Structures are given as structure tokens and as C-alpha cells.
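> Right, I'll just put the structure down here and ask away after.
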Amino acid sequence: MFTNKQVFKEAFLNKLASIRGKTLQEASPMDIYLAFGKLIMDYTSKNWAQTNLDYKEKEARQVYYFSMEFLLGRLMGQYLVNLGIREVCQEGFKDLGINLEEVESLEPDAGLGNGGLGRLAACFMDSLASLNYPGHGCGIRFKYGHFEQKIINGYQVELPENWLREENVWEIRRADKAVEVRFGGNVRMEVVEGKMVFHHEDYEPVLAVPYDVPIIGYDNKTVNTLRLWNAEIADNDFDFPSFTHGDYLRVIEYKRSVEAISQLLYPDDSHHEGRVLRLKQEYFLVSAGLQSIIRTYKKKSRSLAYLHKKVAIHINDTHPALAIPELMRILIDEEGMGWNEAWSITTETISYTNHTILAEALEKWPVDIFKSLLPRIYMIVNEINERFCGQLWNKYTGDWQKIREMAIIADGYVKMAHLAIIGSYSVNGVAKIHTDILKKYELKNFYEFYPYKFNNKTNGITHRRWLLKANPALSDLIIECIGTQWIKEPEGLIDFLKYRSDSSILARLEEIKRNNKIKLAEIIKQNNLVNVDCDAIFDIQIKRLHAYKRQLLNALHIMHLYNRLIENPDLDIVPRVFIFGAKASPSYHYAKNIIKLINSIALKINDDKRLKDKLKVIFLENYRVSLAEAIIPGADVSEQISTASKEASGTGNMKFMMNGAVTIGTLDGANIEILDAVGSENIVTFGLTDREVLTFYHHGGYNSWEIYNSDERIKNILEQFVSDFLPAPQGEFTTIYNSLLHNNDEFFVLKDFAPYVDAQNRIDKLYKNKQKWTQMCLVNIAHSGRFSSDRTINEYAREIWNIKPFTSK
Ligand SMILES: *Cc1c(COP(=O)(O)O)cnc(C)c1O
């Protein structure tokens, strides 16, 4: 449509006039952003409508990806890239004196997620559409996404992130498609014609209104839909409960309590949030999503008996596991189906991804809370549980302990992972090691009972955002070398390997990295008022702040380098810039304390002239998708140093390798598969293995005092933490000190310290041979194709969902 920039300019100026009523001279940057956004929506509307029409007519199966989180980030840039119109728009804007990048930067990140799990859902949306799969997203339109982080005096401060302050140009409200979700009340049972029927009464109705967001495929005509649900009060409920009695304030209060459901995303990553409102959100999501799926399905007047042939429902972690009893409720109570038939349809429709083995992340809900919020759903879960326990009894007669361990309801709790496994036909882990641990330890009993359900799908990232869009210079070089086929078939990146000994390509690769580092240095200068040396190694750890991710181990190594440099300022090491970005959950005090520790170390080090600028520490505030896109292309070293067995997969590790950073990592999650792909010469690994870690746990941990007493370096650093050495209040870091010594060092920070230092020394040596180093970068890039979410989605499609790419007849 935008065949040339002339056409684009005219269309843009018309749009600006028609929706903002302004000429270019009068337009504010926000006017320009919004008008351009509307223009992109217009541009895509025809394909969106056509895709919807195609899917309506489609006879084959379609997948609905249910996720509490979709960490989308900004959409404008990705839309332009996928539509193939970024350049023509950029050129047209240039003529008008507008800088496209500045326009793009006005978009707030859609921060509807915490970290890896939510970002995975977003990458999957891009791959589904780009591969022409009939795949829909289903989530919640949180008014407040992930909080905005400010660093004040070294401490994290959280501010509400009102991303909907300006109009959200990418969504379309579909009030006509609203559905009602019911909470609380009672269930009355009645026998009608010899059949038990269930009446849900005195419930609180909540209106779920969908907002649809287009997911535009790359260079194709597919525009899929991400449907985000908003909680509202129905107009005809507005007298509920007591408007007629003139109790105006109570009505407003009631309205607020309803809207609270889609008010905020809980800011916990890998941690179970036990508030009732969270359970309400979970049911709201699945009930609204399922009702709308069933309604669409029935429009074709097909029998519900074949639902599973047309519909696949995937649940991203256990957060949407209530999809299982909710689908049962709809089939039984609303469609009059018998239990057995409903159960066989449900368990052929739903599949489940497990994301973590951390005990504190496992969702369990107290029975009394569950029962009073969702009385009918509780009855169904109870029935599922009783039937399942009956099966267990047949197989493990008398083994009460095993049966109690595997039950859905036990010790006063509803265990969501058990419900998810029992009610799904597929259970997958997110990296080989993670799936193996699930089978061997965490879910051993379930694996024994349902071996055929378990499978692995190693995570991936969309290379169209994390390479093509985030790193245009590198993409151009790759295209120059191997063409553009890799954009559609990312495993084709392997052809780039041919250039591993081509010194002119290596020189250009090095130059690209350096330019990206210069850009990153500008961001650092702007935000942190620190000048960094672009010839230094940019060593980066960006991810949620979590004890198991061991930002603390990184901090210990920085202190160690500092102490060495103070002892010998002429020490022959490559200068380093250590860069961190991380949000901590507001209630996770230990994690917030580590942020303060890193910032205190930064303050101490960055001003110390004796170091001759060989060491800098930078904490970039408000880590989020758009910041990740700016940081990662400038990375030399990717820090992936979780305690082995704890990081199910990781996806940050994949983004870095794809941008030519070398990983320093433990043998955990997808790091192991990255090692397999690039070979041990092109990654630096260290530390305890998962087996060693699990064996220590089995024997009650290890004695960290022994390490403290035998390693002077560690002793020094830990004493520096609790003396007045760092610029922080006295005693600020006592908890951290105690966690390492008096609390047994649960995450083996001290145990892995020496191997980590050795690994860092290897990095230093490797970097000194710059040509060799750049070759390692190239090898990493060339092998990154298998970590594209296109590969992951193709596997899900073939091996779990049984869906095929859509082709028009
Ligand atoms: C990729 C990504 C993550 C996940 O990073 P890990 O290192 O795998 O934990 C978290 N947050 C954002 C913003 C991301 O882009």
C-alpha cells in the first residue's frame, strides 16, 4: 500500500488532520505518534478482518494460548518491521522533519508481565503469526502493568505504571463480545428427569469486555488476535446490590471492587501470590476466554462432542489451570453433557507448560477461600480429585502416602499443578534439563502414572524482535553475507558460520559491536552520569532480581576484582564495565537489599581514581523489554549464573548469544543446550552441576563456613560488606552476610565463587585475543537459530497442538 514515501506522507498527513484535527506545524510529538499508530492500524485492518474470516471458515484445529502475562513491550517498531514498511515510513518522516525512532520511543511498554514467562508468551505470539498458525492469545488487560522502578539513593522505589494514560492505539474494544463471569454465591442442586442439574445462585456478576490487539505476522497476510479481558460492571447490574435503596456510595464501592480484577498485575516472578484477588483474576481470565471460544465454536452449529478436534487450549504455567474445571462446568452445566464425555473432551483439549520447580512458586489455594469464591468450580475440582484418587487406589492400593502426595486436594489446599497435569493431555518442561528434573524428581509420581503426557519444548525468542529489530546493523551484515532467508527460517543463520575465518567480516562484526557499545554508553551516560570506556568488556546481567539467579555472585566477583586492583593498580586485566538491570518484587526484601548492595558497590568503585577507570559498575533502572532491546546488542559477556537446576530455561541467555555475546554460565536451563550448539570453545561454563546441587540438598546443604575460613578473598569481601567499607548505613547488608554464612548459603554462592573467578579469568584471557573473541561471537550468532521461538512453536504445533499453518484454498 505504501508503495513509496510520497504515498505514505500523504496518508500520514491526512490521518493527522482527520483524527487530531491538526496540521504538522501544530502537532505535538504525541499527536504524531497517535496518528501514525492509527495509520498502521488502518493499514493492517484488511488483513486482520480477512484472517478472522479465514479462521471462522476453517475446519482444522486452532490454538488458544492462555497466559496471565504477555510482556509485549512496544509494538510499533515490530509492526513496521513485520509489515515491511519501516524504511518507507522512515524516509517519508525524514522529509517531514520527523525522526521515526523518536516517535517509536513515545510508546509506553506494554508491561503486562514480570519476566521470562510473560516475554515467552509475547515471543510465541509473534512466531504463531509469522508462521501462519491459527493461534490466538488470551490474557488480561491490566490497567497497571509491571511497576516503574526508580533508584533513589541506591534503593528501589516502585511507582505505578499507568501505561494506558494516553490512548492505546493498538487495541479495539469489543463491547458486543462481552461475557459474564460469576463469583461467590451458592450452588443449588435439583434432579430434573432423573438427572442432577446445578444452579449457581446469588453470585456476583462481573462483565468481561475484550480488547483485541492485532499480532501481525512477518511478511505474510496473517494478523492474529491477542484478546485481553477487562473487568467491568454491567450497566444493567448498576443497581446491584442496593442502588435502588439510594446507597450511592456502596454502588461506587462495588464498581471499584469489580474493576479491581483487571487493575494490576501482581509483581511476583517465580513466587506464588496467595491473595484472593489473584485467584479471582485467574478465574476471570479462563472463564471469559472459554466462554468466548465456545460461543465462536457454536456459531458454526457444530456439536460440542468435537470441540477438541477444532480447539486446542494451552495453559502457560498453572495460572490458567482453572480452565480445566471451567470447561467441565460449561460442558456439563450449560451444555448438558455427562461427566465422562465432558472429561474426555477436556483432557483432549488442554495442554500445560510447567515453568519452574521452585517450591515457593507452586500455586496452592486454601480450600475455604477457593470454595467460597468459586463454589461450583470447587465441586468440580473435588469430583476430579475423587475420581483421580480412585484410579490411584486401583494402581497403588494401600499406598496412602503416595495417594496423598498426588491428590489435587490435600492438607486443606487445592494444588494447581496437580490439577493441570491430571486435566491435560500434554505436560511440557521448557528445556531438556528442566524436563528431565521434572520426570526424575519433582513430578516423578506423575511421570510414572502418565509417562505419555510428558515432553520437552525448549524455549525460544523471536529473532525478528531480538535480532532484526533490536540490532539492525548486525542484521544488515548477516543479510549481506547470507541473504534474507534466515528471517523466515532462522536455522539458516548457520550459513553465517562460513565467515568465521573471513577477517574482513570479523572486522565489521567487531565494528558493529563497538558502535552498539557506544550507543549503550550514551544511555549509561544519560541515566547514570557515568562515562564508560567502550574498549572495556561490557559484562551484563539483566533479569529479575532473584536469589537463585545469583546477582550476588556477580557482585562478589566485582568486589574481588576491586580488591585486586587496589592491591596492584597495574594489574594486567581488560577494563570491565559491569552492567545490571533488575526489578525486585516490592515485597522481596532480600532482593531489594541486593539492589542496594550493587548500587553501593557502584558508588564505591566508580569514583575511585586509583582504578584508572579499569572498573565500572552500572545499575540501569527500570529494566523492561524496550531497555533490553537497547542493552543486549552492546553486550560482550552474558551473565547466566543461576544455581544449577533452578533456572528452568532462561531466555535472556538466547537473546545475548543471538547478538554475539559470549555466555559465562552454569550448566543450567538452556545454557546446556547453548553449550551443545556452540561447543565448549565458544562458551565459558563453571560451577556445580544440577546433580551436585541436588545431592547437597539431599544431605542438608553444605558448610559455607569452611569456604569462608579457607578462602581469604571471600572472608575479606564478606567483612567489607558488614564493616563501614561500603557507602551504606551500618548493618545494611547484615542479612546478606547471614544468608551466606549463618543460613547455609542456600544458593551455593560461596561454593561457586572460586570456579566463577576462574571462569572470569578465562573470559579476560579470551578477550585479549580480539580476533579470536569476535570469532566466538560469530559462532554464537550462527548457532542461535535453533533458539528462535519459530523452532519452539513449530514443535508445539506438531507435537502438542496438532495444528498446521493456515493456507488459503
Ligand atoms: C527476556 C526477558 C526476561 C527473561 O530473562 P532471563 O534472563 O531469562 O531471566 C525478563 N525480562 C525481560 C524484560 C526480558 O526481555
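Identifiers for the C-alpha cells are assigned positionally: chains receive A, B, ... in sequence, residues are indexed from 1 per chain, and ligands are indexed from 1 in the order shown.
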Which residues are near ligand 1 - at most 10 Å, using only C-alpha atoms and all ligand atoms? Format: as a PyMOL selection string.
chain A and resi 71-73+109+111+113-120+122-123+269+459-461+466+541-546+549+581-583+622-629+632+638-642+647-656+669-670
> Just want the 7 Å neighbourhood of stretch 759-767 of chain A, counted on only C-alpha atoms, with same-chain residues fewer than 5 positions away dropped. Output as a PyMOL selection string.
chain A and resi 573-574+684-686+773
> Could you take the residues named above and write them with C-alpha atoms, as a short mmCIF file (atom, residue, chain, number, x, y, z; two decimals), in the first residue's frame?

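Everything below was put into again-v4.cif:
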data_model
loop_
_atom_site.label_atom_id
_atom_site.label_comp_id
_atom_site.auth_asym_id
_atom_site.auth_seq_id
_atom_site.Cartn_x
_atom_site.Cartn_y
_atom_site.Cartn_z
CA ILE A 573 43.31 -7.07 33.02
CA VAL A 574 41.00 -5.86 30.29
CA VAL A 684 32.56 -20.33 29.36
CA THR A 685 30.91 -22.63 31.87
CA PHE A 686 31.66 -23.23 35.54
CA TRP A 773 36.91 -13.36 20.53
#
> I'd like the contact shell of stretch 377-383 of chain A - 9 Å cut-off, only C-alpha atoms, skipping same-chain residues fewer than 3 positions apart - returned as a PyMOL selection string.
chain A and resi 322+324-326+328-329+367+370-374+386-388+408-409+414+419
> Can you spit out the residues from that selection as a short mmCIF file (atom, residue, chain, number, x, y, z; two decimals), in the first residue's frame, using all heavy atoms?

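Result written to part24.cif:
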data_model
loop_
_atom_site.label_atom_id
_atom_site.label_comp_id
_atom_site.auth_asym_id
_atom_site.auth_seq_id
_atom_site.Cartn_x
_atom_site.Cartn_y
_atom_site.Cartn_z
N LEU A 322 -7.49 -23.25 36.02
CA LEU A 322 -8.94 -23.36 36.23
C LEU A 322 -9.68 -23.53 34.92
O LEU A 322 -10.89 -23.78 34.91
CB LEU A 322 -9.47 -22.13 36.99
CG LEU A 322 -8.94 -21.98 38.43
CD1 LEU A 322 -9.45 -20.70 39.06
CD2 LEU A 322 -9.33 -23.18 39.28
N ILE A 324 -9.52 -26.02 33.30
CA ILE A 324 -9.97 -27.43 33.31
C ILE A 324 -11.35 -27.56 33.95
O ILE A 324 -12.30 -28.00 33.27
CB ILE A 324 -8.88 -28.31 33.98
CG1 ILE A 324 -7.64 -28.35 33.06
CG2 ILE A 324 -9.41 -29.72 34.25
CD1 ILE A 324 -6.35 -28.65 33.78
N PRO A 325 -11.53 -27.16 35.20
CA PRO A 325 -12.89 -27.26 35.76
C PRO A 325 -13.88 -26.31 35.08
O PRO A 325 -15.07 -26.62 35.02
CB PRO A 325 -12.70 -26.88 37.24
CG PRO A 325 -11.40 -26.17 37.32
CD PRO A 325 -10.54 -26.75 36.23
N GLU A 326 -13.41 -25.19 34.56
CA GLU A 326 -14.34 -24.27 33.90
C GLU A 326 -14.88 -24.88 32.60
O GLU A 326 -16.07 -24.76 32.30
CB GLU A 326 -13.66 -22.92 33.63
CG GLU A 326 -14.49 -21.90 32.84
CD GLU A 326 -15.77 -21.41 33.57
OE1 GLU A 326 -16.01 -21.82 34.72
OE2 GLU A 326 -16.50 -20.63 32.95
N MET A 328 -15.16 -28.05 32.08
CA MET A 328 -16.09 -29.09 32.57
C MET A 328 -17.44 -28.46 32.94
O MET A 328 -18.50 -28.99 32.60
CB MET A 328 -15.49 -29.79 33.80
CG MET A 328 -14.30 -30.67 33.52
SD MET A 328 -14.70 -32.10 32.49
CE MET A 328 -15.57 -33.14 33.67
N ARG A 329 -17.41 -27.33 33.63
CA ARG A 329 -18.65 -26.67 34.05
C ARG A 329 -19.50 -26.28 32.83
O ARG A 329 -20.71 -26.53 32.79
CB ARG A 329 -18.33 -25.40 34.86
CG ARG A 329 -19.56 -24.70 35.41
CD ARG A 329 -19.26 -23.30 35.95
NE ARG A 329 -18.85 -22.37 34.91
CZ ARG A 329 -19.69 -21.75 34.07
NH1 ARG A 329 -20.99 -21.98 34.14
NH2 ARG A 329 -19.23 -20.92 33.14
N VAL A 367 -8.55 -24.34 50.68
CA VAL A 367 -9.85 -24.85 50.26
C VAL A 367 -10.97 -23.87 50.59
O VAL A 367 -11.86 -23.62 49.77
CB VAL A 367 -10.11 -26.23 50.91
CG1 VAL A 367 -11.58 -26.59 50.83
CG2 VAL A 367 -9.26 -27.29 50.20
N PHE A 370 -11.08 -20.93 48.17
CA PHE A 370 -11.44 -21.45 46.84
C PHE A 370 -12.94 -21.71 46.77
O PHE A 370 -13.64 -21.27 45.86
CB PHE A 370 -10.64 -22.75 46.60
CG PHE A 370 -10.61 -23.22 45.18
CD1 PHE A 370 -9.43 -23.21 44.44
CD2 PHE A 370 -11.77 -23.71 44.58
CE1 PHE A 370 -9.39 -23.66 43.13
CE2 PHE A 370 -11.74 -24.16 43.26
CZ PHE A 370 -10.56 -24.14 42.55
N LYS A 371 -13.43 -22.40 47.80
CA LYS A 371 -14.81 -22.82 47.84
C LYS A 371 -15.76 -21.63 47.88
O LYS A 371 -16.79 -21.61 47.21
CB LYS A 371 -14.98 -23.66 49.10
CG LYS A 371 -16.00 -24.75 49.03
CD LYS A 371 -16.09 -25.30 50.45
CE LYS A 371 -16.31 -26.76 50.53
NZ LYS A 371 -16.04 -27.31 51.84
N SER A 372 -15.42 -20.62 48.65
CA SER A 372 -16.38 -19.53 48.76
C SER A 372 -16.32 -18.61 47.54
O SER A 372 -17.33 -18.05 47.15
CB SER A 372 -16.21 -18.75 50.07
OG SER A 372 -15.02 -18.03 50.03
N LEU A 373 -15.17 -18.51 46.90
CA LEU A 373 -15.10 -17.67 45.70
C LEU A 373 -15.70 -18.39 44.49
O LEU A 373 -16.35 -17.77 43.65
CB LEU A 373 -13.65 -17.28 45.40
CG LEU A 373 -13.47 -16.32 44.22
CD1 LEU A 373 -14.04 -14.94 44.56
CD2 LEU A 373 -12.00 -16.21 43.80
N LEU A 374 -15.47 -19.70 44.41
CA LEU A 374 -15.85 -20.46 43.21
C LEU A 374 -16.57 -21.75 43.60
O LEU A 374 -16.04 -22.85 43.41
CB LEU A 374 -14.58 -20.79 42.39
CG LEU A 374 -13.68 -19.61 42.04
CD1 LEU A 374 -12.31 -20.10 41.56
CD2 LEU A 374 -14.32 -18.73 40.98
N GLU A 386 -11.61 -36.83 43.42
CA GLU A 386 -12.07 -38.13 43.94
C GLU A 386 -11.92 -39.23 42.89
O GLU A 386 -11.50 -40.34 43.20
CB GLU A 386 -13.50 -38.03 44.44
CG GLU A 386 -13.52 -37.33 45.78
CD GLU A 386 -14.88 -37.30 46.46
OE1 GLU A 386 -15.82 -37.94 45.95
OE2 GLU A 386 -14.96 -36.62 47.49
N ARG A 387 -12.25 -38.90 41.67
CA ARG A 387 -12.10 -39.91 40.61
C ARG A 387 -10.63 -40.27 40.40
O ARG A 387 -10.28 -41.42 40.19
CB ARG A 387 -12.72 -39.41 39.31
CG ARG A 387 -14.24 -39.40 39.36
CD ARG A 387 -14.84 -38.71 38.17
NE ARG A 387 -16.28 -38.59 38.33
CZ ARG A 387 -17.19 -39.21 37.56
NH1 ARG A 387 -16.80 -39.96 36.55
NH2 ARG A 387 -18.47 -39.04 37.78
N PHE A 388 -9.78 -39.24 40.45
CA PHE A 388 -8.35 -39.49 40.27
C PHE A 388 -7.81 -40.35 41.41
O PHE A 388 -7.07 -41.32 41.18
CB PHE A 388 -7.60 -38.16 40.18
CG PHE A 388 -6.10 -38.32 40.06
CD1 PHE A 388 -5.54 -38.90 38.93
CD2 PHE A 388 -5.27 -37.89 41.09
CE1 PHE A 388 -4.16 -39.05 38.83
CE2 PHE A 388 -3.89 -38.05 40.99
CZ PHE A 388 -3.34 -38.62 39.86
N ILE A 408 -5.16 -33.78 44.22
CA ILE A 408 -5.30 -32.36 43.92
C ILE A 408 -5.60 -31.60 45.21
O ILE A 408 -5.06 -30.52 45.46
CB ILE A 408 -6.44 -32.11 42.90
CG1 ILE A 408 -6.17 -32.87 41.61
CG2 ILE A 408 -6.57 -30.62 42.61
CD1 ILE A 408 -7.34 -32.83 40.63
N ILE A 409 -6.46 -32.19 46.02
CA ILE A 409 -6.84 -31.53 47.27
C ILE A 409 -6.25 -32.33 48.42
O ILE A 409 -6.53 -33.52 48.57
CB ILE A 409 -8.37 -31.45 47.43
CG1 ILE A 409 -8.98 -30.73 46.22
CG2 ILE A 409 -8.73 -30.73 48.72
CD1 ILE A 409 -10.49 -30.80 46.16
N VAL A 414 -5.84 -26.68 47.51
CA VAL A 414 -6.02 -27.15 46.13
C VAL A 414 -4.69 -26.92 45.41
O VAL A 414 -4.21 -25.78 45.34
CB VAL A 414 -7.13 -26.35 45.41
CG1 VAL A 414 -7.27 -26.82 43.96
CG2 VAL A 414 -8.45 -26.47 46.15
N LEU A 419 -3.77 -30.40 39.42
CA LEU A 419 -4.96 -30.22 38.58
C LEU A 419 -4.55 -30.08 37.12
O LEU A 419 -5.14 -30.71 36.22
CB LEU A 419 -5.71 -28.96 39.04
CG LEU A 419 -6.91 -28.52 38.21
CD1 LEU A 419 -8.00 -29.60 38.21
CD2 LEU A 419 -7.48 -27.19 38.73
#
> Apply DSSP to the backbone of this structure and, from stretch 13-200 of chain A, keep only the residues in alpha helix (DSSP H); write these as a PyMOL selection string.
chain A and resi 13-15+29-57+76-83+86-95+100-104+116-130
> Show me, as number ranges by chain, the residues that have an atom within 8 Å of A:Val662 when counting only C-alpha atoms, minus same-chain residues fewer than 3 positions from it.
A: 636-638, 656-657, 682-684, 776-777, 780
> Once you have the residues from the selection above, write them out as a PDB file, in the first residue's frame, restricted to C-alpha atoms.

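Result file follows (selection17.pdb):
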ATOM      1  CA  ASP A 636      30.289  -8.654  25.208  1.00  0.00           C
ATOM      2  CA  VAL A 637      29.576 -11.024  28.072  1.00  0.00           C
ATOM      3  CA  SER A 638      26.218 -12.552  29.019  1.00  0.00           C
ATOM      4  CA  PHE A 656      22.535 -12.401  24.132  1.00  0.00           C
ATOM      5  CA  MET A 657      24.054 -15.191  22.054  1.00  0.00           C
ATOM      6  CA  ASN A 682      32.626 -20.807  22.427  1.00  0.00           C
ATOM      7  CA  ILE A 683      31.085 -20.525  25.882  1.00  0.00           C
ATOM      8  CA  VAL A 684      32.561 -20.330  29.358  1.00  0.00           C
ATOM      9  CA  MET A 776      33.407 -16.752  19.125  1.00  0.00           C
ATOM     10  CA  CYS A 777      30.753 -14.067  18.760  1.00  0.00           C
ATOM     11  CA  ASN A 780      27.292 -17.874  18.733  1.00  0.00           C
TER      12      ASN A 780
END
